[in-house]
Structures are given as structure tokens and as C-alpha cells.
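Trainee: Got a structure for you, questions after.
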Amino acid sequence: MPTYAFEDFTPGRVFEFGGRLVDREEGLRFAAAYDPQPLHLDEAAAEASVLGGLSVSGWHTCAMVMRMMCDAYLLDSTSQGSPGIDNLRWLKPVRPGDTLHVRMTVQEARPSNSRPQIGLVRSLWAVFNQHEEQVLSMEGWGMFGRRAGAA
């Protein structure tokens with residue numbers, strides 16, 4: 001039985017996790033494949049951009065956060081996926097060499113009306129660099145199986 005089920009995501013609960021180093025070469029590979037804007041690929045173009053230096057793609061940051069979420073709790077949970085993200089904001093550039101960590105706060109949790117074996121959890125994820133500067137914010141829903149007998 002997984003450690004985390006719907007019942008473990010009570011409103012107000014905070015999960016803190018991460019400590020992921022942002023690797024320059026990985027950022028360049030991601031940008032080349034999925035977000036080939038010069039400010040993510042070329043030092044001179046990045047210096048001349050509003051970001052003032054090379055930064056990884058915001059989509060790469062999201063992918064790194066997803067991996068940290070999987071390692072912290074999703075892979076040891078009754079996760080049934082997500083219907084989506086409601087709000088996503090890239091607040092500061094994420095640079096090669098940064099170390100990211102996440103604070104996830106459960107905002108709401110309720111059983112599904114149409115699927116009583118599933119619960120819906122709305123969370124806010126705040127992502128910080130090593131200087132405690134918030135670099136990303138996102139809010140959205142997750143679907144988690146309920147423990148036997150809970151429905």
C-alpha cells in the first residue's frame with residue numbers, strides 16, 4: 001500500500017522537498033529540443049535579453065519540479081493523475097547552477113462527486129532557489145485514490 005492517499009492531503013498541510021541542482025548541459029539539451037529560444041541557448045543572446053543572462057526554459061523548470069514531486073510523494077501515493085494546472089507563473093529566471101526546492105501547500109481536498117473512490121486535492125507549489133527567491137508558482141489539482149472503506 002502506498003504511503004500517501006487522498007486522506008493524507010488535508011488542507012493546510014505543507015510538504016517541503018527538493019534540493020535539485022540545475023545542470024547547464026541538461027538545460028541546453030532541453031531548450032534545443034523543446035524551447036529553442038536564443039535566451040535559453042546562446043550566452044550573448046541571453047545577456048542581451050530581458051533576463052540578463054542564460055536561463056533554463058520555464059518548461060524545463062516545470063519538468064524538474066514534476067520530477068521532484070514524483071520523488072517526494074507521487075510515486076509513493078495513490079495518484080491518479082491531474083486534470084490540470086490553473087495558474088502558472090515564472091517569477092524569476094532559473095540559472096544553471098541554481099539549486100531548487102519546493103514548498104507544496106494543500107489548499108483544498110474533497111471527494112469526487114462522480115467517482116467516490118477518488119479524492120480531488122488542490123495545491124499551491126512555490127519553488128525557490130538557493131537564495132530563497134521564489135522562481136515559480138503554480139496551482140492545480142491532483143486526483144488521489146481513497147483508502148479502502150473511506151468512500
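Naming works like this for the C-alpha cells: A, B, ... for the chains as they're shown, residue 1 at the start of each chain, ligands 1 onward in shown order.
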Could you list, as a ChimeraX atom specification, every residue within 10 Å of Gly52 (chain A), counting only C-alpha atoms and ignoring same-chain residues fewer than 5 positions away?

Mentor: /A:39,43-47,93

Trainee: Give me the residues near Arg13 (chain A) as an MDAnalysis selection string, where near means some atom within 10 Å (using only C-alpha atoms) and where sequence neighbours in that chain fewer than 6 positions away do not count.

Mentor: chainID A and resid 104:108 123

Trainee: How close does region 13-89 of chain A get to region 98-102 of chain A? List, as JSON lines, each residue of region 13-89 of chain A within 7 Å, its nearest atom pair and the distance in Å to one decimal, counting only C-alpha atoms.

Mentor:
```
{"residue": "A:Glu16", "atom": "CA", "partner": "A:Val102", "partner_atom": "CA", "distance": 5.7}
{"residue": "A:Phe17", "atom": "CA", "partner": "A:Val102", "partner_atom": "CA", "distance": 5.4}
{"residue": "A:Gly18", "atom": "CA", "partner": "A:His101", "partner_atom": "CA", "distance": 4.1}
{"residue": "A:Gly19", "atom": "CA", "partner": "A:His101", "partner_atom": "CA", "distance": 5.0}
{"residue": "A:Arg20", "atom": "CA", "partner": "A:Leu100", "partner_atom": "CA", "distance": 5.1}
{"residue": "A:Leu21", "atom": "CA", "partner": "A:Thr99", "partner_atom": "CA", "distance": 4.3}
{"residue": "A:Val22", "atom": "CA", "partner": "A:Asp98", "partner_atom": "CA", "distance": 5.3}
```

Trainee: Could you write out that same residue set with C-alpha atoms as a PDB file, in the first residue's frame?

Mentor:
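Contents of part.pdb, as written:
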```pdb
ATOM      1  CA  GLU A  16       8.824  20.598   1.547  1.00  0.00           C
ATOM      2  CA  PHE A  17      11.183  18.801  -0.779  1.00  0.00           C
ATOM      3  CA  GLY A  18      13.818  19.181  -3.438  1.00  0.00           C
ATOM      4  CA  GLY A  19      17.386  20.289  -3.486  1.00  0.00           C
ATOM      5  CA  ARG A  20      17.815  19.781  -7.233  1.00  0.00           C
ATOM      6  CA  LEU A  21      20.852  21.306  -8.898  1.00  0.00           C
ATOM      7  CA  VAL A  22      20.092  22.956 -12.257  1.00  0.00           C
TER       8      VAL A  22
END
```

Trainee: Select, from A:Val127, A:Leu74, A:Met64, A:Ile118, the residue with the minimum atom-to-atom distance to Phe30 (chain A), counting only C-alpha atoms.

Mentor: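 Using only C-alpha atoms, Phe30 (chain A) sits closest to A:Met64.
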
Trainee: Show which residues sit within 7 Å of Leu120 (chain A), as a JSON list (two decimals) with N, CA, C and O atoms, in the first residue's frame. Count only C-alpha atoms, and ignore same-chain residues fewer than 5 positions away.

Mentor:
```
[["chain", "number", "residue", "atom", "x", "y", "z"],
["A", 109, "ALA", "N", -9.31, 19.91, -0.29],
["A", 109, "ALA", "CA", -9.41, 18.48, -0.57],
["A", 109, "ALA", "C", -10.87, 18.08, -0.42],
["A", 109, "ALA", "O", -11.51, 18.42, 0.57],
["A", 110, "ARG", "N", -11.37, 17.37, -1.43],
["A", 110, "ARG", "CA", -12.76, 16.93, -1.37],
["A", 110, "ARG", "C", -12.94, 15.64, -2.17],
["A", 110, "ARG", "O", -12.25, 15.43, -3.18],
["A", 111, "PRO", "N", -13.86, 14.79, -1.73],
["A", 111, "PRO", "CA", -14.14, 13.58, -2.50],
["A", 111, "PRO", "C", -14.78, 13.96, -3.84],
["A", 111, "PRO", "O", -15.49, 14.96, -3.94],
["A", 112, "SER", "N", -14.52, 13.16, -4.84],
["A", 112, "SER", "CA", -15.14, 13.36, -6.15],
["A", 112, "SER", "C", -16.62, 13.00, -6.05],
["A", 112, "SER", "O", -16.99, 12.00, -5.44],
["A", 141, "TRP", "N", -4.74, 20.92, -9.47],
["A", 141, "TRP", "CA", -5.46, 19.80, -8.86],
["A", 141, "TRP", "C", -4.74, 18.48, -9.10],
["A", 141, "TRP", "O", -4.15, 18.26, -10.16],
["A", 142, "GLY", "N", -4.84, 17.60, -8.13],
["A", 142, "GLY", "CA", -4.40, 16.22, -8.27],
["A", 142, "GLY", "C", -5.55, 15.31, -7.89],
["A", 142, "GLY", "O", -6.43, 15.69, -7.12],
["A", 143, "MET", "N", -5.55, 14.12, -8.43],
["A", 143, "MET", "CA", -6.56, 13.11, -8.11],
["A", 143, "MET", "C", -5.85, 11.96, -7.40],
["A", 143, "MET", "O", -4.85, 11.46, -7.91],
["A", 144, "PHE", "N", -6.38, 11.57, -6.25],
["A", 144, "PHE", "CA", -5.77, 10.51, -5.46],
["A", 144, "PHE", "C", -6.83, 9.49, -5.05],
["A", 144, "PHE", "O", -7.96, 9.86, -4.71]]
```

Trainee: For a test of reading the model, state the distance in Å between CA of Cys62 (chain A) and CA of Phe9 (chain A), rounded to one decimal.

Mentor: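 CA of Phe9 (chain A) lies 21.5 Å from CA of Cys62 (chain A).
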
Trainee: Pick out the closest residue to Ala5 (chain A) from this set: A:Thr78, A:Val135, A:Pro96, A:Glu25. Count only C-alpha atoms.

Mentor: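 So, comparing all the options, the nearest one is A:Thr78.
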
Trainee: Given only C-alpha atoms as the basis, pick out the residue of A:Pro38, A:Phe15, A:Ser79, A:Leu54 nearest to Ala126 (chain A).

Mentor: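 Using only C-alpha atoms, Ala126 (chain A) sits closest to A:Phe15.
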